[in-house]
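So this block is structure-v3.txt, compact mmCIF, N, CA and C atoms:
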```
# COMPACT_ATOMS: atom_id res chain seq x y z
N VAL A 1 120.28 103.97 123.35
CA VAL A 1 119.67 103.06 122.42
C VAL A 1 120.31 101.69 122.60
N ILE A 2 119.50 100.72 122.87
CA ILE A 2 119.99 99.36 123.07
C ILE A 2 119.95 98.58 121.77
N LYS A 3 118.89 98.76 121.03
CA LYS A 3 118.73 98.02 119.79
C LYS A 3 118.02 98.89 118.76
N MET A 4 118.53 98.86 117.54
CA MET A 4 117.89 99.59 116.46
C MET A 4 117.62 98.62 115.33
N GLU A 5 116.39 98.63 114.87
CA GLU A 5 116.00 97.74 113.79
C GLU A 5 115.73 98.55 112.53
N VAL A 6 116.31 98.13 111.43
CA VAL A 6 116.05 98.78 110.16
C VAL A 6 114.95 98.00 109.46
N LEU A 7 113.87 98.69 109.19
CA LEU A 7 112.74 98.04 108.54
C LEU A 7 112.96 98.03 107.03
N PRO A 8 112.44 97.01 106.36
CA PRO A 8 112.57 96.99 104.89
C PRO A 8 111.73 98.10 104.27
N ALA A 9 112.12 98.49 103.09
CA ALA A 9 111.37 99.52 102.36
C ALA A 9 109.98 98.99 102.02
N PRO A 10 108.98 99.86 102.07
CA PRO A 10 107.65 99.42 101.62
C PRO A 10 107.71 99.03 100.14
N ARG A 11 106.90 98.05 99.77
CA ARG A 11 106.87 97.57 98.39
C ARG A 11 105.52 97.90 97.76
N ILE A 12 105.57 98.50 96.58
CA ILE A 12 104.34 98.78 95.85
C ILE A 12 104.41 98.18 94.46
N ALA A 13 103.25 97.92 93.89
CA ALA A 13 103.15 97.44 92.52
C ALA A 13 102.46 98.52 91.70
N ILE A 14 103.01 98.80 90.53
CA ILE A 14 102.47 99.85 89.66
C ILE A 14 102.16 99.23 88.30
N LEU A 15 100.94 99.48 87.81
CA LEU A 15 100.51 99.00 86.50
C LEU A 15 100.12 100.18 85.62
N ASP A 16 100.77 100.26 84.48
CA ASP A 16 100.40 101.25 83.47
C ASP A 16 100.95 100.77 82.14
N ASN A 17 100.20 100.98 81.07
CA ASN A 17 100.69 100.55 79.76
C ASN A 17 101.55 101.61 79.08
N ASP A 18 101.82 102.71 79.77
CA ASP A 18 102.69 103.76 79.26
C ASP A 18 104.06 103.65 79.95
N PRO A 19 105.11 103.27 79.21
CA PRO A 19 106.43 103.08 79.82
C PRO A 19 106.99 104.34 80.46
N GLU A 20 106.66 105.50 79.92
CA GLU A 20 107.16 106.75 80.50
C GLU A 20 106.57 107.00 81.89
N ILE A 21 105.29 106.71 82.04
CA ILE A 21 104.65 106.87 83.35
C ILE A 21 105.23 105.87 84.34
N LEU A 22 105.46 104.65 83.90
CA LEU A 22 106.05 103.64 84.79
C LEU A 22 107.41 104.10 85.30
N GLU A 23 108.25 104.58 84.42
CA GLU A 23 109.59 105.03 84.82
C GLU A 23 109.52 106.24 85.75
N LEU A 24 108.61 107.15 85.48
CA LEU A 24 108.44 108.31 86.35
C LEU A 24 107.99 107.88 87.73
N MET A 25 107.02 106.98 87.80
CA MET A 25 106.53 106.48 89.08
C MET A 25 107.61 105.74 89.86
N LYS A 26 108.43 104.97 89.15
CA LYS A 26 109.52 104.26 89.82
C LYS A 26 110.53 105.25 90.38
N SER A 27 110.86 106.27 89.61
CA SER A 27 111.80 107.29 90.06
C SER A 27 111.30 108.00 91.31
N VAL A 28 110.03 108.38 91.30
CA VAL A 28 109.45 109.05 92.46
C VAL A 28 109.43 108.12 93.67
N SER A 29 109.06 106.87 93.45
CA SER A 29 109.04 105.90 94.55
C SER A 29 110.42 105.74 95.18
N ASN A 30 111.42 105.58 94.33
CA ASN A 30 112.78 105.43 94.83
C ASN A 30 113.23 106.63 95.65
N ARG A 31 112.83 107.81 95.22
CA ARG A 31 113.19 109.05 95.92
C ARG A 31 112.68 109.03 97.36
N PHE A 32 111.54 108.38 97.60
CA PHE A 32 110.95 108.34 98.93
C PHE A 32 111.23 107.03 99.66
N GLY A 33 112.14 106.22 99.15
CA GLY A 33 112.49 104.98 99.82
C GLY A 33 111.46 103.88 99.68
N ILE A 34 110.72 103.90 98.60
CA ILE A 34 109.69 102.90 98.33
C ILE A 34 110.17 102.02 97.18
N GLU A 35 110.12 100.72 97.38
CA GLU A 35 110.52 99.78 96.33
C GLU A 35 109.33 99.52 95.40
N ALA A 36 109.50 99.83 94.12
CA ALA A 36 108.40 99.69 93.16
C ALA A 36 108.67 98.56 92.18
N THR A 37 107.65 97.73 91.97
CA THR A 37 107.68 96.72 90.93
C THR A 37 106.73 97.18 89.83
N LEU A 38 107.23 97.21 88.60
CA LEU A 38 106.47 97.76 87.49
C LEU A 38 105.86 96.68 86.62
N PHE A 39 104.64 96.93 86.16
CA PHE A 39 103.94 96.03 85.25
C PHE A 39 103.35 96.84 84.12
N SER A 40 103.48 96.32 82.90
CA SER A 40 102.95 97.03 81.75
C SER A 40 101.74 96.33 81.13
N ASP A 41 101.38 95.15 81.66
CA ASP A 41 100.20 94.47 81.13
C ASP A 41 99.45 93.75 82.24
N LYS A 42 98.17 93.59 82.01
CA LYS A 42 97.25 93.02 83.00
C LYS A 42 97.59 91.57 83.37
N SER A 43 97.85 90.74 82.39
CA SER A 43 98.05 89.31 82.67
C SER A 43 99.29 89.06 83.52
N THR A 44 100.37 89.76 83.24
CA THR A 44 101.59 89.58 84.04
C THR A 44 101.35 90.03 85.48
N MET A 45 100.68 91.15 85.64
CA MET A 45 100.43 91.63 86.99
C MET A 45 99.49 90.69 87.74
N LEU A 46 98.44 90.21 87.07
CA LEU A 46 97.50 89.29 87.72
C LEU A 46 98.22 88.06 88.24
N GLU A 47 99.06 87.49 87.41
CA GLU A 47 99.83 86.31 87.82
C GLU A 47 100.70 86.61 89.03
N HIS A 48 101.35 87.76 89.02
CA HIS A 48 102.26 88.15 90.10
C HIS A 48 101.50 88.45 91.40
N VAL A 49 100.37 89.14 91.28
CA VAL A 49 99.59 89.53 92.45
C VAL A 49 99.04 88.32 93.19
N ARG A 50 98.79 87.26 92.47
CA ARG A 50 98.28 86.04 93.12
C ARG A 50 99.33 85.37 93.99
N ARG A 51 100.62 85.65 93.74
CA ARG A 51 101.70 84.99 94.49
C ARG A 51 102.48 85.91 95.42
N HIS A 52 102.36 87.23 95.24
CA HIS A 52 103.16 88.17 96.01
C HIS A 52 102.29 89.22 96.67
N PHE A 53 102.76 89.70 97.81
CA PHE A 53 102.04 90.73 98.55
C PHE A 53 102.79 92.06 98.41
N TYR A 54 102.04 93.13 98.25
CA TYR A 54 102.61 94.48 98.20
C TYR A 54 101.91 95.34 99.26
N ASP A 55 102.58 96.40 99.67
CA ASP A 55 102.04 97.30 100.68
C ASP A 55 101.04 98.29 100.10
N ALA A 56 101.06 98.48 98.78
CA ALA A 56 100.11 99.36 98.09
C ALA A 56 100.18 99.07 96.60
N TYR A 57 99.13 99.50 95.90
CA TYR A 57 99.04 99.29 94.45
C TYR A 57 98.61 100.60 93.78
N VAL A 58 99.24 100.91 92.65
CA VAL A 58 98.85 102.04 91.82
C VAL A 58 98.55 101.48 90.44
N LEU A 59 97.29 101.62 90.01
CA LEU A 59 96.85 100.97 88.78
C LEU A 59 96.23 101.96 87.81
N ASP A 60 96.65 101.90 86.57
CA ASP A 60 95.97 102.62 85.51
C ASP A 60 94.66 101.88 85.26
N TRP A 61 93.55 102.60 85.18
CA TRP A 61 92.26 101.95 85.00
C TRP A 61 92.10 101.31 83.63
N LEU A 62 92.29 102.10 82.58
CA LEU A 62 92.05 101.59 81.24
C LEU A 62 93.37 101.15 80.62
N LEU A 63 93.41 99.89 80.22
CA LEU A 63 94.62 99.30 79.64
C LEU A 63 94.38 99.07 78.15
N ASP A 64 95.21 98.32 77.51
CA ASP A 64 95.09 98.08 76.07
C ASP A 64 93.82 97.31 75.73
N PHE A 65 93.28 97.58 74.54
CA PHE A 65 92.16 96.84 73.96
C PHE A 65 90.93 96.82 74.87
N GLU A 66 90.61 97.97 75.45
CA GLU A 66 89.43 98.13 76.31
C GLU A 66 89.47 97.26 77.57
N GLU A 67 90.61 96.73 77.94
CA GLU A 67 90.73 96.03 79.21
C GLU A 67 90.85 97.07 80.32
N ASN A 68 90.36 96.70 81.52
CA ASN A 68 90.54 97.59 82.65
C ASN A 68 91.11 96.81 83.84
N ALA A 69 91.36 97.51 84.92
CA ALA A 69 92.02 96.91 86.08
C ALA A 69 91.05 96.27 87.07
N GLY A 70 89.78 96.15 86.71
CA GLY A 70 88.78 95.60 87.63
C GLY A 70 89.11 94.22 88.17
N GLU A 71 89.52 93.32 87.32
CA GLU A 71 89.85 91.95 87.76
C GLU A 71 91.04 91.95 88.70
N ILE A 72 92.02 92.79 88.43
CA ILE A 72 93.19 92.88 89.30
C ILE A 72 92.77 93.38 90.69
N ILE A 73 91.92 94.39 90.72
CA ILE A 73 91.46 94.93 92.00
C ILE A 73 90.72 93.86 92.80
N LYS A 74 89.87 93.11 92.16
CA LYS A 74 89.14 92.04 92.85
C LYS A 74 90.09 90.97 93.38
N THR A 75 91.13 90.65 92.63
CA THR A 75 92.12 89.67 93.07
C THR A 75 92.90 90.20 94.27
N ILE A 76 93.29 91.47 94.21
CA ILE A 76 94.00 92.10 95.34
C ILE A 76 93.12 92.05 96.58
N ARG A 77 91.87 92.45 96.44
CA ARG A 77 90.96 92.49 97.58
C ARG A 77 90.67 91.10 98.15
N ALA A 78 90.68 90.09 97.32
CA ALA A 78 90.47 88.72 97.82
C ALA A 78 91.61 88.31 98.74
N ASN A 79 92.81 88.81 98.46
CA ASN A 79 93.99 88.47 99.27
C ASN A 79 94.19 89.42 100.44
N ASN A 80 93.79 90.67 100.29
CA ASN A 80 94.00 91.67 101.34
C ASN A 80 92.95 92.78 101.20
N PRO A 81 91.91 92.74 102.03
CA PRO A 81 90.82 93.70 101.87
C PRO A 81 91.16 95.14 102.26
N ARG A 82 92.31 95.37 102.92
CA ARG A 82 92.60 96.71 103.40
C ARG A 82 93.83 97.38 102.78
N VAL A 83 94.54 96.70 101.93
CA VAL A 83 95.73 97.30 101.34
C VAL A 83 95.32 98.49 100.46
N PRO A 84 96.07 99.59 100.49
CA PRO A 84 95.72 100.75 99.65
C PRO A 84 95.82 100.43 98.16
N VAL A 85 94.78 100.79 97.43
CA VAL A 85 94.75 100.65 95.97
C VAL A 85 94.36 102.00 95.40
N ILE A 86 95.21 102.54 94.55
CA ILE A 86 94.95 103.84 93.91
C ILE A 86 94.78 103.60 92.43
N ILE A 87 93.67 104.09 91.88
CA ILE A 87 93.40 103.98 90.45
C ILE A 87 93.69 105.33 89.81
N LEU A 88 94.39 105.30 88.70
CA LEU A 88 94.62 106.50 87.89
C LEU A 88 93.82 106.35 86.61
N THR A 89 93.09 107.40 86.22
CA THR A 89 92.33 107.31 84.99
C THR A 89 92.09 108.68 84.38
N ALA A 90 91.99 108.69 83.08
CA ALA A 90 91.59 109.90 82.35
C ALA A 90 90.21 109.69 81.73
N GLN A 91 89.56 108.58 82.05
CA GLN A 91 88.30 108.21 81.42
C GLN A 91 87.11 108.24 82.38
N LEU A 92 87.08 109.16 83.31
CA LEU A 92 85.97 109.20 84.26
C LEU A 92 84.63 109.39 83.58
N ASP A 93 84.58 110.25 82.58
CA ASP A 93 83.31 110.51 81.92
C ASP A 93 82.80 109.31 81.12
N GLN A 94 83.72 108.49 80.59
CA GLN A 94 83.32 107.34 79.77
C GLN A 94 83.03 106.09 80.60
N HIS A 95 83.63 105.99 81.78
CA HIS A 95 83.51 104.77 82.59
C HIS A 95 83.02 105.08 84.01
N GLU A 96 82.24 106.14 84.15
CA GLU A 96 81.83 106.62 85.47
C GLU A 96 81.10 105.55 86.29
N ASN A 97 80.15 104.86 85.70
CA ASN A 97 79.39 103.85 86.45
C ASN A 97 80.26 102.69 86.90
N GLU A 98 81.08 102.20 86.01
CA GLU A 98 81.95 101.06 86.33
C GLU A 98 82.98 101.44 87.40
N ILE A 99 83.58 102.60 87.26
CA ILE A 99 84.57 103.07 88.25
C ILE A 99 83.88 103.33 89.58
N GLY A 100 82.68 103.94 89.55
CA GLY A 100 81.93 104.18 90.77
C GLY A 100 81.62 102.90 91.53
N GLU A 101 81.27 101.87 90.79
CA GLU A 101 80.98 100.57 91.41
C GLU A 101 82.22 99.97 92.06
N ILE A 102 83.36 100.06 91.38
CA ILE A 102 84.62 99.54 91.94
C ILE A 102 85.00 100.30 93.21
N ILE A 103 84.82 101.62 93.19
CA ILE A 103 85.13 102.43 94.38
C ILE A 103 84.24 102.00 95.55
N ALA A 104 82.95 101.87 95.30
CA ALA A 104 82.01 101.51 96.36
C ALA A 104 82.22 100.09 96.88
N LYS A 105 82.42 99.14 96.00
CA LYS A 105 82.51 97.74 96.41
C LYS A 105 83.90 97.31 96.85
N GLN A 106 84.93 97.92 96.29
CA GLN A 106 86.30 97.45 96.56
C GLN A 106 87.11 98.41 97.43
N GLY A 107 86.58 99.58 97.73
CA GLY A 107 87.26 100.52 98.62
C GLY A 107 88.58 101.02 98.08
N VAL A 108 88.59 101.48 96.86
CA VAL A 108 89.81 102.01 96.26
C VAL A 108 89.74 103.54 96.20
N GLU A 109 90.88 104.16 95.98
CA GLU A 109 90.95 105.61 95.78
C GLU A 109 91.16 105.86 94.30
N ILE A 110 90.71 107.03 93.84
CA ILE A 110 90.86 107.34 92.42
C ILE A 110 91.46 108.73 92.26
N LEU A 111 92.36 108.83 91.30
CA LEU A 111 92.94 110.11 90.91
C LEU A 111 92.77 110.26 89.41
N GLU A 112 92.32 111.42 89.01
CA GLU A 112 92.13 111.66 87.59
C GLU A 112 93.44 112.09 86.95
N LYS A 113 93.73 111.51 85.78
CA LYS A 113 94.92 111.88 85.03
C LYS A 113 94.62 113.15 84.25
N PRO A 114 95.56 113.99 84.01
CA PRO A 114 96.94 113.85 84.48
C PRO A 114 97.03 114.24 85.94
N SER A 115 97.59 113.36 86.75
CA SER A 115 97.77 113.60 88.18
C SER A 115 99.17 114.11 88.43
N ARG A 116 99.28 114.99 89.34
CA ARG A 116 100.59 115.50 89.73
C ARG A 116 101.32 114.44 90.54
N VAL A 117 102.59 114.28 90.24
CA VAL A 117 103.40 113.27 90.93
C VAL A 117 103.44 113.55 92.43
N THR A 118 103.46 114.82 92.81
CA THR A 118 103.48 115.17 94.23
C THR A 118 102.23 114.68 94.94
N ILE A 119 101.09 114.76 94.28
CA ILE A 119 99.84 114.29 94.88
C ILE A 119 99.87 112.77 95.05
N ILE A 120 100.28 112.06 94.02
CA ILE A 120 100.34 110.60 94.09
C ILE A 120 101.31 110.17 95.19
N SER A 121 102.50 110.78 95.20
CA SER A 121 103.49 110.39 96.21
C SER A 121 103.02 110.74 97.62
N SER A 122 102.31 111.86 97.78
CA SER A 122 101.79 112.22 99.10
C SER A 122 100.78 111.20 99.60
N ILE A 123 99.92 110.73 98.72
CA ILE A 123 98.94 109.71 99.11
C ILE A 123 99.65 108.42 99.51
N LEU A 124 100.64 108.01 98.71
CA LEU A 124 101.39 106.80 99.05
C LEU A 124 102.12 106.95 100.38
N ILE A 125 102.77 108.08 100.59
CA ILE A 125 103.51 108.31 101.84
C ILE A 125 102.56 108.28 103.03
N SER A 126 101.38 108.88 102.89
CA SER A 126 100.43 108.88 104.01
C SER A 126 99.97 107.45 104.35
N HIS A 127 99.80 106.61 103.33
CA HIS A 127 99.39 105.22 103.58
C HIS A 127 100.54 104.36 104.10
N LEU A 128 101.73 104.56 103.60
CA LEU A 128 102.83 103.66 103.90
C LEU A 128 103.65 104.03 105.13
N PHE A 129 103.67 105.31 105.49
CA PHE A 129 104.55 105.73 106.57
C PHE A 129 103.83 106.32 107.78
N TYR A 130 102.52 106.56 107.68
CA TYR A 130 101.80 107.16 108.80
C TYR A 130 100.67 106.29 109.26
```
Would you mind writing the file's structure down as structure tokens?
Amino acid sequence: VIKMEVLPAPRIAILDNDPEILELMKSVSNRFGIEATLFSDKSTMLEHVRRHFYDAYVLDWLLDFEENAGEIIKTIRANNPRVPVIILTAQLDQHENEIGEIIAKQGVEILEKPSRVTIISSILISHLFY
């Protein structure tokens, strides 16, 4: 070996209004060598996403006061049309048309809550390391 380069850890952004889910996701990310930045509200994440790039995004679909992650997804896609975006939701039956449209137009993946941490981490690992 003549030269070995250590690559930086992949960076992901996670949005959820449940602090317990955020901490769990951060713990799982750290376990796999992924640097996670946590957001608990839409406006803070929107502001941050406009200035920073991440290797993947994990977003809760339905946020406080009937807000959803649609605007964030559109902002992410305007900056990077191919970065992995995973939506987590427990409201598929209530928001099926809107979520279906986001999947078709924005090319995101969706996991229904409650999602197993192993499934979420496997999807992230497949996108970030393979």
### Task
May I have the residues within 6.5 Å of Ile12 (chain A) as a ChimeraX atom specification, using all atoms listed in the file and disregarding those fewer than 5 positions away in the same chain?
/A:34-37,54-58
### Query
Could you work out how far atom C of Ile87 (chain A) lies from atom N of Ser121 (chain A), giving the answer in Å with one decimal?
11.7 Å
### Query
Expressed in Å to a single decimal, how great is the separation between atom N of Arg77 (chain A) and CA of Gln106 (chain A)?
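Between these atoms lies a distance of 7.5 Å.
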### Task
Would you mind reading off the distance between CA of Gly33 (chain A) and CA of Ile103 (chain A), one decimal, in Å?
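For CA of Gly33 (chain A) relative to CA of Ile103 (chain A), the distance reads 28.0 Å.
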### Query
If we count only N, CA and C atoms, what is near region 62-66 of chain A at a cut-off of 7 Å, once residues fewer than 2 positions away on the same chain are taken out, given as a PyMOL selection string?
chain A and resi 16-17+59-60+68-69+88-90
Can I get the selection written as a short mmCIF file (atom, residue, chain, number, x, y, z; two decimals), in the coordinates of the input, with N, CA and C atoms?
```cif
data_model
loop_
_atom_site.label_atom_id
_atom_site.label_comp_id
_atom_site.auth_asym_id
_atom_site.auth_seq_id
_atom_site.Cartn_x
_atom_site.Cartn_y
_atom_site.Cartn_z
N ASP A 16 100.77 100.26 84.48
CA ASP A 16 100.40 101.25 83.47
C ASP A 16 100.95 100.77 82.14
N ASN A 17 100.20 100.98 81.07
CA ASN A 17 100.69 100.55 79.76
C ASN A 17 101.55 101.61 79.08
N LEU A 59 97.29 101.62 90.01
CA LEU A 59 96.85 100.97 88.78
C LEU A 59 96.23 101.96 87.81
N ASP A 60 96.65 101.90 86.57
CA ASP A 60 95.97 102.62 85.51
C ASP A 60 94.66 101.88 85.26
N ASN A 68 90.36 96.70 81.52
CA ASN A 68 90.54 97.59 82.65
C ASN A 68 91.11 96.81 83.84
N ALA A 69 91.36 97.51 84.92
CA ALA A 69 92.02 96.91 86.08
C ALA A 69 91.05 96.27 87.07
N LEU A 88 94.39 105.30 88.70
CA LEU A 88 94.62 106.50 87.89
C LEU A 88 93.82 106.35 86.61
N THR A 89 93.09 107.40 86.22
CA THR A 89 92.33 107.31 84.99
C THR A 89 92.09 108.68 84.38
N ALA A 90 91.99 108.69 83.08
CA ALA A 90 91.59 109.90 82.35
C ALA A 90 90.21 109.69 81.73
#
```
### Query
Could you tell me, as number ranges by chain, which residues have any atom at most 7 Å from (106.7, 99.3, 81.3), counting all atoms listed in the file?
A: 16-20, 22-23, 38-41
### Message
I need the residues in chain A that are strand (DSSP E or B) according to DSSP; give them as a list in words.
### Response
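Taking chain A and keeping strand (DSSP E or B) gives Arg11, Ile12, Ala13, Ile14, Leu15, Glu35, Ala36, Thr37, Leu38, Phe39, Ala56, Tyr57, Val58, Leu59, Asp60, Leu62, Asn68, Val85, Ile86, Ile87, Leu88, Thr89, Glu109, Ile110, Leu111 and Glu112 of chain A.
Using only C-alpha atoms, the nearest neighbour of Ser126 (chain A) within the list A:Lys105, A:Leu7, A:Phe32, A:Glu67 is A:Phe32.
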### Task
Within region 52-120 of chain A, find each residue whose DSSP state, derived from the backbone, is helix (DSSP H, G or I), and express the selection as a list in words.
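The residues of region 52-120 of chain A classed as helix (DSSP H, G or I) are Asp64, Phe65, Glu66, Gly70, Glu71, Ile72, Ile73, Lys74, Thr75, Ile76, Arg77, Ala78, Asn79, Glu96, Asn97, Glu98, Ile99, Gly100, Glu101, Ile102, Ile103, Ala104, Lys105, Gln106, Val117, Thr118, Ile119 and Ile120 of chain A.
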### Task
Counting only C-alpha atoms, select every polymer residue within 8 Å of (93.6, 108.1, 94.3) as defined in the file's coordinates, and provide the selection as a list in words.
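Using only C-alpha atoms, the matching residues come out as Val85, Ile86, Ile87, Leu88, Val108, Glu109, Ile110, Leu111, Glu112, Ile120 and Ile123 of chain A.
Using only N, CA and C atoms, the smallest distance between any of A:Leu92, A:Val28, A:Ala13, A:Ile102 and Gly70 (chain A) comes from A:Ile102.
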### Shortest interatomic distance to Glu98 (chain A) - which of A:Ala78, A:Ile72, A:Arg116, A:Trp61, counting only C-alpha atoms
A:Trp61
